[in-house]
$ cat structure.txt   # compact mmCIF, C-alpha atoms
# COMPACT_ATOMS: atom_id res chain seq x y z
CA MET A 1 -32.66 13.39 19.17
CA ALA A 2 -33.21 14.45 22.72
CA ILE A 3 -31.57 15.43 25.98
CA GLY A 4 -32.70 13.36 28.93
CA CYS A 5 -31.89 13.03 32.61
CA ILE A 6 -28.61 11.16 32.11
CA HIS A 7 -27.39 13.79 29.64
CA SER A 8 -28.22 16.54 32.13
CA GLU A 9 -26.35 14.73 34.91
CA TRP A 10 -23.36 14.44 32.58
CA MET A 11 -23.51 18.12 31.58
CA PHE A 12 -23.50 19.20 35.23
CA TRP A 13 -20.58 16.82 35.87
CA LEU A 14 -18.64 18.36 32.96
CA LYS A 15 -19.42 21.82 34.34
CA ARG A 16 -18.08 20.81 37.78
CA GLN A 17 -14.92 19.51 36.08
CA GLY A 18 -14.35 22.97 34.59
CA MET A 19 -14.99 21.85 31.01
CA PHE A 20 -17.27 24.83 30.28
CA ARG A 21 -16.04 28.39 30.59
CA PRO A 22 -18.66 31.03 31.48
CA GLY A 23 -19.69 32.96 28.40
CA SER A 24 -18.78 30.16 25.99
CA SER A 25 -20.47 29.29 22.72
CA LEU A 26 -22.14 26.00 21.77
CA ILE A 27 -23.63 24.56 18.61
CA ASP A 28 -25.92 21.51 18.59
CA LEU A 29 -25.90 19.23 15.58
CA GLY A 30 -29.65 19.07 15.45
CA PRO A 31 -31.57 21.14 18.01
CA GLN A 32 -32.32 18.61 20.70
CA ASP A 33 -35.66 18.25 22.46
CA ILE A 34 -35.34 18.65 26.21
CA GLN A 35 -36.95 15.61 27.83
CA VAL A 36 -36.11 16.19 31.48
CA PRO A 37 -38.96 16.51 33.99
CA LEU A 38 -39.13 19.92 35.68
CA ASP A 39 -38.72 18.55 39.22
CA TYR A 40 -35.70 16.48 38.18
CA LEU A 41 -33.89 19.40 36.55
CA LYS A 42 -34.73 21.62 39.53
CA SER A 43 -33.19 19.04 41.86
CA LEU A 44 -30.04 18.90 39.72
CA ALA A 45 -29.71 22.68 39.74
CA ASP A 46 -30.36 22.81 43.50
CA ARG A 47 -27.74 20.12 44.08
CA GLU A 48 -25.22 22.27 42.23
CA GLY A 49 -25.87 25.06 44.71
CA ASP A 50 -25.96 27.56 41.88
CA ARG A 51 -28.77 30.06 42.52
CA ASP A 52 -28.53 31.32 38.94
CA ALA A 53 -28.99 27.79 37.59
CA ALA A 54 -32.04 27.23 39.77
CA ALA A 55 -33.58 30.46 38.44
CA LEU A 56 -32.77 29.54 34.83
CA VAL A 57 -34.68 26.25 35.05
CA GLY A 58 -38.01 28.11 34.93
CA ALA A 59 -37.20 29.52 31.48
CA ILE A 60 -37.04 25.99 30.05
CA TYR A 61 -40.62 25.02 30.90
CA ARG A 62 -44.11 26.19 30.05
CA ASP A 63 -47.03 24.73 32.00
CA GLY A 64 -44.66 22.19 33.56
CA ALA A 65 -43.40 20.77 30.24
CA PRO A 66 -40.17 21.62 28.41
CA ARG A 67 -40.69 24.26 25.73
CA ARG A 68 -39.90 23.15 22.19
CA ASP A 69 -37.51 26.10 21.83
CA ALA A 70 -35.84 25.75 25.25
CA GLN A 71 -32.38 24.71 24.04
CA GLY A 72 -30.73 28.11 24.57
CA ALA A 73 -32.20 28.40 28.06
CA TYR A 74 -31.12 24.84 28.86
CA TYR A 75 -27.51 25.46 27.88
CA LYS A 76 -27.42 28.69 29.93
CA LEU A 77 -27.56 26.36 32.96
CA PHE A 78 -24.01 25.37 32.08
CA GLY A 79 -22.71 28.88 31.40
CA PHE A 80 -23.16 29.14 27.64
CA ASP A 81 -24.01 32.63 26.42
CA ARG A 82 -24.28 31.74 22.73
CA TYR A 83 -26.37 28.80 21.55
CA GLU A 84 -26.90 27.89 17.92
CA SER A 85 -27.82 24.73 16.04
CA ALA A 86 -27.45 23.18 12.61
CA ASP A 87 -29.96 20.89 10.93
CA LEU A 88 -31.34 20.56 7.43
CA GLU A 89 -35.00 20.02 8.31
CA ASP A 90 -35.65 21.27 11.85
CA ASP A 91 -37.31 24.70 11.79
CA ARG A 92 -35.56 25.61 15.08
CA ALA A 93 -32.08 25.33 13.53
CA THR A 94 -29.99 28.47 13.31
CA TYR A 95 -28.28 27.09 10.20
CA LYS A 96 -29.93 24.92 7.55
CA LEU A 97 -27.12 22.46 7.02
CA ASP A 98 -27.03 19.11 5.30
CA LEU A 99 -24.40 17.28 7.33
CA ASN A 100 -23.65 15.06 4.30
CA HIS A 101 -21.85 18.06 2.78
CA ALA A 102 -19.01 20.28 3.93
CA ALA A 103 -20.01 23.18 6.14
CA ALA A 104 -18.44 26.40 4.94
CA GLY A 105 -18.57 29.89 6.36
CA LEU A 106 -19.91 28.98 9.80
CA PRO A 107 -18.39 30.47 12.95
CA LYS A 108 -16.25 28.53 15.42
CA TYR A 109 -17.57 27.35 18.80
CA ASP A 110 -16.17 26.37 22.16
CA VAL A 111 -18.38 23.26 22.29
CA VAL A 112 -20.01 21.19 19.53
CA THR A 113 -22.61 18.64 20.63
CA ASP A 114 -23.98 15.57 18.92
CA PHE A 115 -26.75 14.18 21.11
CA GLY A 116 -28.03 11.73 18.54
CA THR A 117 -27.62 13.13 15.05
CA MET A 118 -24.57 11.59 13.38
CA GLU A 119 -25.99 8.08 13.21
CA HIS A 120 -28.79 9.46 10.99
CA VAL A 121 -26.39 11.04 8.47
CA TYR A 122 -25.29 8.82 5.60
CA ASP A 123 -21.82 10.39 5.28
CA ILE A 124 -20.83 9.97 8.92
CA ALA A 125 -17.21 10.91 8.16
CA ARG A 126 -18.45 14.33 7.02
CA VAL A 127 -20.12 14.82 10.41
CA PHE A 128 -16.78 14.30 12.16
CA GLU A 129 -15.14 16.68 9.68
CA THR A 130 -17.85 19.27 10.34
CA MET A 131 -17.48 18.96 14.12
CA HIS A 132 -13.73 19.37 13.80
CA GLY A 133 -14.17 22.43 11.59
CA LEU A 134 -16.68 24.07 13.94
CA LEU A 135 -14.46 23.84 17.03
CA HIS A 136 -12.17 26.57 18.28
CA PRO A 137 -8.70 25.21 19.06
CA GLY A 138 -8.99 23.66 22.51
CA GLY A 139 -12.75 23.23 22.06
CA LEU A 140 -14.84 20.33 23.26
CA ALA A 141 -16.78 17.85 21.11
CA LEU A 142 -19.54 16.00 22.96
CA HIS A 143 -20.84 12.78 21.44
CA VAL A 144 -23.86 10.88 22.72
CA VAL A 145 -24.88 8.28 20.18
CA PRO A 146 -26.10 4.71 20.44
CA ALA A 147 -23.12 2.36 20.45
CA PHE A 148 -24.99 -0.91 20.98
CA ALA A 149 -28.50 -2.35 21.37
CA PHE A 150 -30.07 -0.09 18.73
CA PRO A 151 -29.55 -2.04 15.48
CA ASN A 152 -32.50 -0.44 13.66
CA HIS A 153 -31.79 3.14 14.71
CA GLY A 154 -30.35 5.38 12.00
CA PHE A 155 -27.70 4.26 9.53
CA TYR A 156 -24.96 3.48 12.04
CA THR A 157 -24.26 2.11 15.48
CA PRO A 158 -20.71 3.42 15.94
CA ASN A 159 -18.20 1.25 17.75
CA PRO A 160 -16.89 3.21 20.76
CA ASN A 161 -13.36 2.84 19.38
CA LEU A 162 -14.37 5.21 16.58
CA PHE A 163 -14.43 8.12 19.03
CA VAL A 164 -11.08 7.20 20.55
CA GLU A 165 -9.51 7.02 17.09
CA PHE A 166 -11.19 10.28 16.02
CA ALA A 167 -9.60 11.94 19.05
CA ARG A 168 -6.21 10.39 18.35
CA ALA A 169 -6.28 11.35 14.65
CA ASN A 170 -6.99 14.98 15.51
CA GLY A 171 -4.72 15.38 18.53
CA TYR A 172 -7.67 15.64 20.92
CA SER A 173 -7.73 14.54 24.53
CA VAL A 174 -10.50 12.23 25.70
CA VAL A 175 -11.84 13.90 28.88
CA ASP A 176 -14.62 11.41 29.58
CA PHE A 177 -15.69 8.15 28.03
CA SER A 178 -18.54 6.01 29.23
$ encode --input "structure.txt" --output "C-alpha cells"
Amino acid sequence: MAIGCIHSEWMFWLKRQGMFRPGSSLIDLGPQDIQVPLDYLKSLADREGDRDAAALVGAIYRDGAPRRDAQGAYYKLFGFDRYESADLEDDRATYKLDLNHAAAGLPKYDVVTDFGTMEHVYDIARVFETMHGLLHPGGLALHVVPAFAFPNHGFYTPNPNLFVEFARANGYSVVDFS
C-alpha cells in the first residue's frame, strides 16, 4: 500500500482535469505510504506552476525522505483540506475499520481512494459497498489495484471489467481508465 511516482503523476493529471475542488475532503482506504523521491515530487509541483504546491512539498519530507505521517500534507498538493483514513491495523488511521464489515456512522467524502487495499480484504464486495457509502453524491472513487501480473499479492487480482461494471451498477461515470 503505497503512493509512487505514477500515482502522483495521475493525481496531478486529475487535478488539471478539474476533478478535485479546492477545499474538498478525501478518505484513504488504508493510509498509504508516500514513496516518491523529494526531487521528483518537487519537479511535478514545479511543472504545475503552482507556487503553493511547491511550498507544500517540503511538509511531506523529513531529512529528504517522506514522513510516515505525510498523507495529509501530500493530499494538500491537490487541494484537499480534509484528509482521513480507515484501516483496521494501521496506527495512522483516523478510523479503525474492518473493511470486511459494513461501515456505519462515518462521514461522507468528496473523494475515496483505494491505492492498494481492496485486494487484501476477503469480502471485496463489502469494500465496494463501503466506498459507495462514503462518497458524497457526485464524488470520485479512485482505484489503483493490481489487475494482472501479481498472482500472489493479496486475495484478489481484479479483472478491470469489475470497475467498469461497478460504475455502471451505481450510475457512476468512468472519468479515466488505464
$ closest_residue --input "structure.txt" --among "A:Leu38, A:Ala53, A:Ile27, A:Leu140" --to "Ala93 of chain A" --atoms "all atoms listed in the file"
A:Ile27
$ closest_residue --input "structure.txt" --among "A:Ala65, A:Ala45, A:Met1, A:Val121" --to "Asp90 of chain A" --atoms "all atoms listed in the file"
A:Met1
$ atom_distance --input "structure.txt" --atom1 "atom CA of Asp110 of chain A" --atom2 "atom CA of Leu26 of chain A"
6.0 Å
$ closest_residue --input "structure.txt" --among "A:Leu142, A:Met118, A:Ile34, A:Leu77" --to "Arg51 of chain A" --atoms "all atoms listed in the file"
A:Leu77
$ residues_around --input "structure.txt" --residues "Ala141 of chain A" --least-positions-apart "2" --cutoff "9 Å" --atoms "only C-alpha atoms" --output "PyMOL selection string"
chain A and resi 110-114+131-132+135+139+143
$ residues_around --input "structure.txt" --residues "segment 164-174 of chain A" --least-positions-apart "2" --cutoff "9 Å" --atoms "only C-alpha atoms" --output "PDB file with C-alpha atoms, in the coordinates of the input"
ATOM      1  CA  PHE A 128     -16.780  14.300  12.160  1.00  0.00           C
ATOM      2  CA  HIS A 132     -13.730  19.370  13.800  1.00  0.00           C
ATOM      3  CA  GLY A 138      -8.990  23.660  22.510  1.00  0.00           C
ATOM      4  CA  LEU A 140     -14.840  20.330  23.260  1.00  0.00           C
ATOM      5  CA  PRO A 160     -16.890   3.210  20.760  1.00  0.00           C
ATOM      6  CA  ASN A 161     -13.360   2.840  19.380  1.00  0.00           C
ATOM      7  CA  LEU A 162     -14.370   5.210  16.580  1.00  0.00           C
ATOM      8  CA  ASP A 176     -14.620  11.410  29.580  1.00  0.00           C
ATOM      9  CA  PHE A 177     -15.690   8.150  28.030  1.00  0.00           C
TER      10      PHE A 177
END
$ residues_around --input "structure.txt" --residues "Pro66 of chain A" --least-positions-apart "3" --cutoff "7 Å" --atoms "only C-alpha atoms" --output "PyMOL selection string"
chain A and resi 34-35+60-62+70
$ atom_distance --input "structure.txt" --atom1 "atom CA of His101 of chain A" --atom2 "atom CA of Ser24 of chain A"
26.4 Å
$ closest_residue --input "structure.txt" --among "A:Val175, A:Ile3, A:Met11, A:Ala103" --to "Gln71 of chain A" --atoms "all atoms listed in the file"
A:Ile3
$ closest_residue --input "structure.txt" --among "A:Leu14, A:Cys5, A:Ala104, A:Leu134" --to "Leu41 of chain A" --atoms "all atoms listed in the file"
A:Cys5
$ closest_residue --input "structure.txt" --among "A:Asp98, A:Glu89, A:Asp123, A:Glu48" --to "Phe12 of chain A" --atoms "only C-alpha atoms"
A:Glu48
$ residues_around --input "structure.txt" --residues "Phe115 of chain A" --least-positions-apart "6" --cutoff "10 Å" --atoms "all atoms listed in the file" --output "count of residues only"
16
$ atom_distance --input "structure.txt" --atom1 "atom CA of Tyr109 of chain A" --atom2 "atom CA of Val36 of chain A"
25.1 Å
$ residues_around --input "structure.txt" --residues "Pro22 of chain A" --least-positions-apart "2" --cutoff "8 Å" --atoms "all atoms listed in the file" --output "list of chain:residue names"
A:Phe20, A:Ser24, A:Phe78, A:Gly79, A:Phe80, A:Asp81
$ residues_near_point --input "structure.txt" --point "(-26.7, 7.2, 12.4)" --cutoff "9 Å" --atoms "all atoms listed in the file" --output "JSON, numbers by chain"
{"A": [116, 117, 118, 119, 120, 121, 122, 124, 145, 146, 153, 154, 155, 156, 157, 158]}
$ decode --input "structure.txt" --residues "segment 46-76 of chain A" --atoms "N, CA, C and O atoms" --output "PDB file, in the first residue's frame"
ATOM      1  N   ASP A  46       6.590  21.876  -9.539  1.00  0.00           N
ATOM      2  CA  ASP A  46       7.105  22.986 -10.344  1.00  0.00           C
ATOM      3  C   ASP A  46       6.465  22.993 -11.729  1.00  0.00           C
ATOM      4  O   ASP A  46       6.114  24.042 -12.256  1.00  0.00           O
ATOM      5  N   ARG A  47       6.331  21.821 -12.318  1.00  0.00           N
ATOM      6  CA  ARG A  47       5.735  21.705 -13.639  1.00  0.00           C
ATOM      7  C   ARG A  47       4.296  22.222 -13.648  1.00  0.00           C
ATOM      8  O   ARG A  47       3.828  22.785 -14.629  1.00  0.00           O
ATOM      9  N   GLU A  48       3.609  22.037 -12.528  1.00  0.00           N
ATOM     10  CA  GLU A  48       2.233  22.511 -12.426  1.00  0.00           C
ATOM     11  C   GLU A  48       2.168  24.035 -12.362  1.00  0.00           C
ATOM     12  O   GLU A  48       1.118  24.612 -12.596  1.00  0.00           O
ATOM     13  N   GLY A  49       3.287  24.665 -12.015  1.00  0.00           N
ATOM     14  CA  GLY A  49       3.310  26.113 -11.916  1.00  0.00           C
ATOM     15  C   GLY A  49       2.531  26.647 -10.733  1.00  0.00           C
ATOM     16  O   GLY A  49       2.160  27.807 -10.688  1.00  0.00           O
ATOM     17  N   ASP A  50       2.289  25.813  -9.778  1.00  0.00           N
ATOM     18  CA  ASP A  50       1.520  26.179  -8.591  1.00  0.00           C
ATOM     19  C   ASP A  50       2.503  26.446  -7.447  1.00  0.00           C
ATOM     20  O   ASP A  50       3.063  25.518  -6.871  1.00  0.00           O
ATOM     21  N   ARG A  51       2.698  27.726  -7.121  1.00  0.00           N
ATOM     22  CA  ARG A  51       3.658  28.071  -6.060  1.00  0.00           C
ATOM     23  C   ARG A  51       3.261  27.459  -4.720  1.00  0.00           C
ATOM     24  O   ARG A  51       4.113  27.066  -3.944  1.00  0.00           O
ATOM     25  N   ASP A  52       1.957  27.388  -4.448  1.00  0.00           N
ATOM     26  CA  ASP A  52       1.514  26.778  -3.199  1.00  0.00           C
ATOM     27  C   ASP A  52       1.910  25.308  -3.151  1.00  0.00           C
ATOM     28  O   ASP A  52       2.346  24.810  -2.120  1.00  0.00           O
ATOM     29  N   ALA A  53       1.737  24.598  -4.275  1.00  0.00           N
ATOM     30  CA  ALA A  53       2.083  23.175  -4.313  1.00  0.00           C
ATOM     31  C   ALA A  53       3.572  22.985  -4.068  1.00  0.00           C
ATOM     32  O   ALA A  53       3.977  22.105  -3.312  1.00  0.00           O
ATOM     33  N   ALA A  54       4.389  23.822  -4.684  1.00  0.00           N
ATOM     34  CA  ALA A  54       5.835  23.709  -4.498  1.00  0.00           C
ATOM     35  C   ALA A  54       6.207  23.914  -3.026  1.00  0.00           C
ATOM     36  O   ALA A  54       7.065  23.215  -2.485  1.00  0.00           O
ATOM     37  N   ALA A  55       5.542  24.835  -2.352  1.00  0.00           N
ATOM     38  CA  ALA A  55       5.816  25.080  -0.933  1.00  0.00           C
ATOM     39  C   ALA A  55       5.327  23.925  -0.063  1.00  0.00           C
ATOM     40  O   ALA A  55       5.958  23.589   0.948  1.00  0.00           O
ATOM     41  N   LEU A  56       4.229  23.295  -0.454  1.00  0.00           N
ATOM     42  CA  LEU A  56       3.669  22.190   0.324  1.00  0.00           C
ATOM     43  C   LEU A  56       4.546  20.942   0.292  1.00  0.00           C
ATOM     44  O   LEU A  56       4.515  20.136   1.215  1.00  0.00           O
ATOM     45  N   VAL A  57       5.319  20.773  -0.766  1.00  0.00           N
ATOM     46  CA  VAL A  57       6.152  19.574  -0.897  1.00  0.00           C
ATOM     47  C   VAL A  57       7.067  19.413   0.314  1.00  0.00           C
ATOM     48  O   VAL A  57       7.251  18.302   0.828  1.00  0.00           O
ATOM     49  N   GLY A  58       7.622  20.497   0.816  1.00  0.00           N
ATOM     50  CA  GLY A  58       8.534  20.425   1.957  1.00  0.00           C
ATOM     51  C   GLY A  58       7.916  19.803   3.198  1.00  0.00           C
ATOM     52  O   GLY A  58       8.608  19.172   3.998  1.00  0.00           O
ATOM     53  N   ALA A  59       6.608  19.952   3.372  1.00  0.00           N
ATOM     54  CA  ALA A  59       5.935  19.401   4.556  1.00  0.00           C
ATOM     55  C   ALA A  59       5.814  17.882   4.509  1.00  0.00           C
ATOM     56  O   ALA A  59       5.505  17.252   5.514  1.00  0.00           O
ATOM     57  N   ILE A  60       6.082  17.292   3.362  1.00  0.00           N
ATOM     58  CA  ILE A  60       5.930  15.844   3.191  1.00  0.00           C
ATOM     59  C   ILE A  60       7.191  15.096   3.619  1.00  0.00           C
ATOM     60  O   ILE A  60       7.127  13.926   3.984  1.00  0.00           O
ATOM     61  N   TYR A  61       8.315  15.790   3.632  1.00  0.00           N
ATOM     62  CA  TYR A  61       9.617  15.135   3.833  1.00  0.00           C
ATOM     63  C   TYR A  61      10.296  15.582   5.123  1.00  0.00           C
ATOM     64  O   TYR A  61      10.117  16.701   5.579  1.00  0.00           O
ATOM     65  N   ARG A  62      11.076  14.683   5.665  1.00  0.00           N
ATOM     66  CA  ARG A  62      11.959  14.977   6.798  1.00  0.00           C
ATOM     67  C   ARG A  62      13.313  14.360   6.448  1.00  0.00           C
ATOM     68  O   ARG A  62      13.385  13.166   6.128  1.00  0.00           O
ATOM     69  N   ASP A  63      14.338  15.149   6.475  1.00  0.00           N
ATOM     70  CA  ASP A  63      15.691  14.696   6.127  1.00  0.00           C
ATOM     71  C   ASP A  63      15.722  14.039   4.749  1.00  0.00           C
ATOM     72  O   ASP A  63      16.396  13.027   4.535  1.00  0.00           O
ATOM     73  N   GLY A  64      14.947  14.590   3.818  1.00  0.00           N
ATOM     74  CA  GLY A  64      14.954  14.112   2.439  1.00  0.00           C
ATOM     75  C   GLY A  64      14.098  12.889   2.153  1.00  0.00           C
ATOM     76  O   GLY A  64      13.977  12.473   1.008  1.00  0.00           O
ATOM     77  N   ALA A  65      13.493  12.303   3.177  1.00  0.00           N
ATOM     78  CA  ALA A  65      12.660  11.108   2.995  1.00  0.00           C
ATOM     79  C   ALA A  65      11.211  11.438   3.369  1.00  0.00           C
ATOM     80  O   ALA A  65      10.961  12.259   4.253  1.00  0.00           O
ATOM     81  N   PRO A  66      10.251  10.798   2.702  1.00  0.00           N
ATOM     82  CA  PRO A  66       8.850  11.047   3.055  1.00  0.00           C
ATOM     83  C   PRO A  66       8.579  10.676   4.515  1.00  0.00           C
ATOM     84  O   PRO A  66       9.006   9.623   4.992  1.00  0.00           O
ATOM     85  N   ARG A  67       7.879  11.547   5.207  1.00  0.00           N
ATOM     86  CA  ARG A  67       7.469  11.254   6.584  1.00  0.00           C
ATOM     87  C   ARG A  67       6.410  10.153   6.564  1.00  0.00           C
ATOM     88  O   ARG A  67       5.607  10.057   5.645  1.00  0.00           O
ATOM     89  N   ARG A  68       6.396   9.355   7.584  1.00  0.00           N
ATOM     90  CA  ARG A  68       5.413   8.268   7.697  1.00  0.00           C
ATOM     91  C   ARG A  68       3.986   8.805   7.805  1.00  0.00           C
ATOM     92  O   ARG A  68       3.038   8.174   7.366  1.00  0.00           O
ATOM     93  N   ASP A  69       3.848  10.005   8.353  1.00  0.00           N
ATOM     94  CA  ASP A  69       2.529  10.608   8.559  1.00  0.00           C
ATOM     95  C   ASP A  69       2.259  11.754   7.574  1.00  0.00           C
ATOM     96  O   ASP A  69       1.533  12.691   7.875  1.00  0.00           O
ATOM     97  N   ALA A  70       2.811  11.661   6.372  1.00  0.00           N
ATOM     98  CA  ALA A  70       2.744  12.767   5.411  1.00  0.00           C
ATOM     99  C   ALA A  70       1.502  12.755   4.513  1.00  0.00           C
ATOM    100  O   ALA A  70       1.385  13.597   3.628  1.00  0.00           O
ATOM    101  N   GLN A  71       0.577  11.855   4.728  1.00  0.00           N
ATOM    102  CA  GLN A  71      -0.550  11.712   3.817  1.00  0.00           C
ATOM    103  C   GLN A  71      -1.375  13.001   3.699  1.00  0.00           C
ATOM    104  O   GLN A  71      -1.719  13.426   2.593  1.00  0.00           O
ATOM    105  N   GLY A  72      -1.701  13.615   4.819  1.00  0.00           N
ATOM    106  CA  GLY A  72      -2.486  14.855   4.775  1.00  0.00           C
ATOM    107  C   GLY A  72      -1.772  15.948   3.999  1.00  0.00           C
ATOM    108  O   GLY A  72      -2.378  16.653   3.186  1.00  0.00           O
ATOM    109  N   ALA A  73      -0.472  16.091   4.243  1.00  0.00           N
ATOM    110  CA  ALA A  73       0.319  17.093   3.515  1.00  0.00           C
ATOM    111  C   ALA A  73       0.375  16.758   2.030  1.00  0.00           C
ATOM    112  O   ALA A  73       0.281  17.650   1.182  1.00  0.00           O
ATOM    113  N   TYR A  74       0.521  15.488   1.706  1.00  0.00           N
ATOM    114  CA  TYR A  74       0.564  15.067   0.307  1.00  0.00           C
ATOM    115  C   TYR A  74      -0.732  15.460  -0.410  1.00  0.00           C
ATOM    116  O   TYR A  74      -0.707  16.051  -1.493  1.00  0.00           O
ATOM    117  N   TYR A  75      -1.865  15.155   0.181  1.00  0.00           N
ATOM    118  CA  TYR A  75      -3.132  15.430  -0.480  1.00  0.00           C
ATOM    119  C   TYR A  75      -3.456  16.922  -0.544  1.00  0.00           C
ATOM    120  O   TYR A  75      -4.246  17.351  -1.379  1.00  0.00           O
ATOM    121  N   LYS A  76      -2.834  17.740   0.308  1.00  0.00           N
ATOM    122  CA  LYS A  76      -2.990  19.191   0.190  1.00  0.00           C
ATOM    123  C   LYS A  76      -2.447  19.693  -1.149  1.00  0.00           C
ATOM    124  O   LYS A  76      -2.904  20.703  -1.669  1.00  0.00           O
TER     125      LYS A  76
END
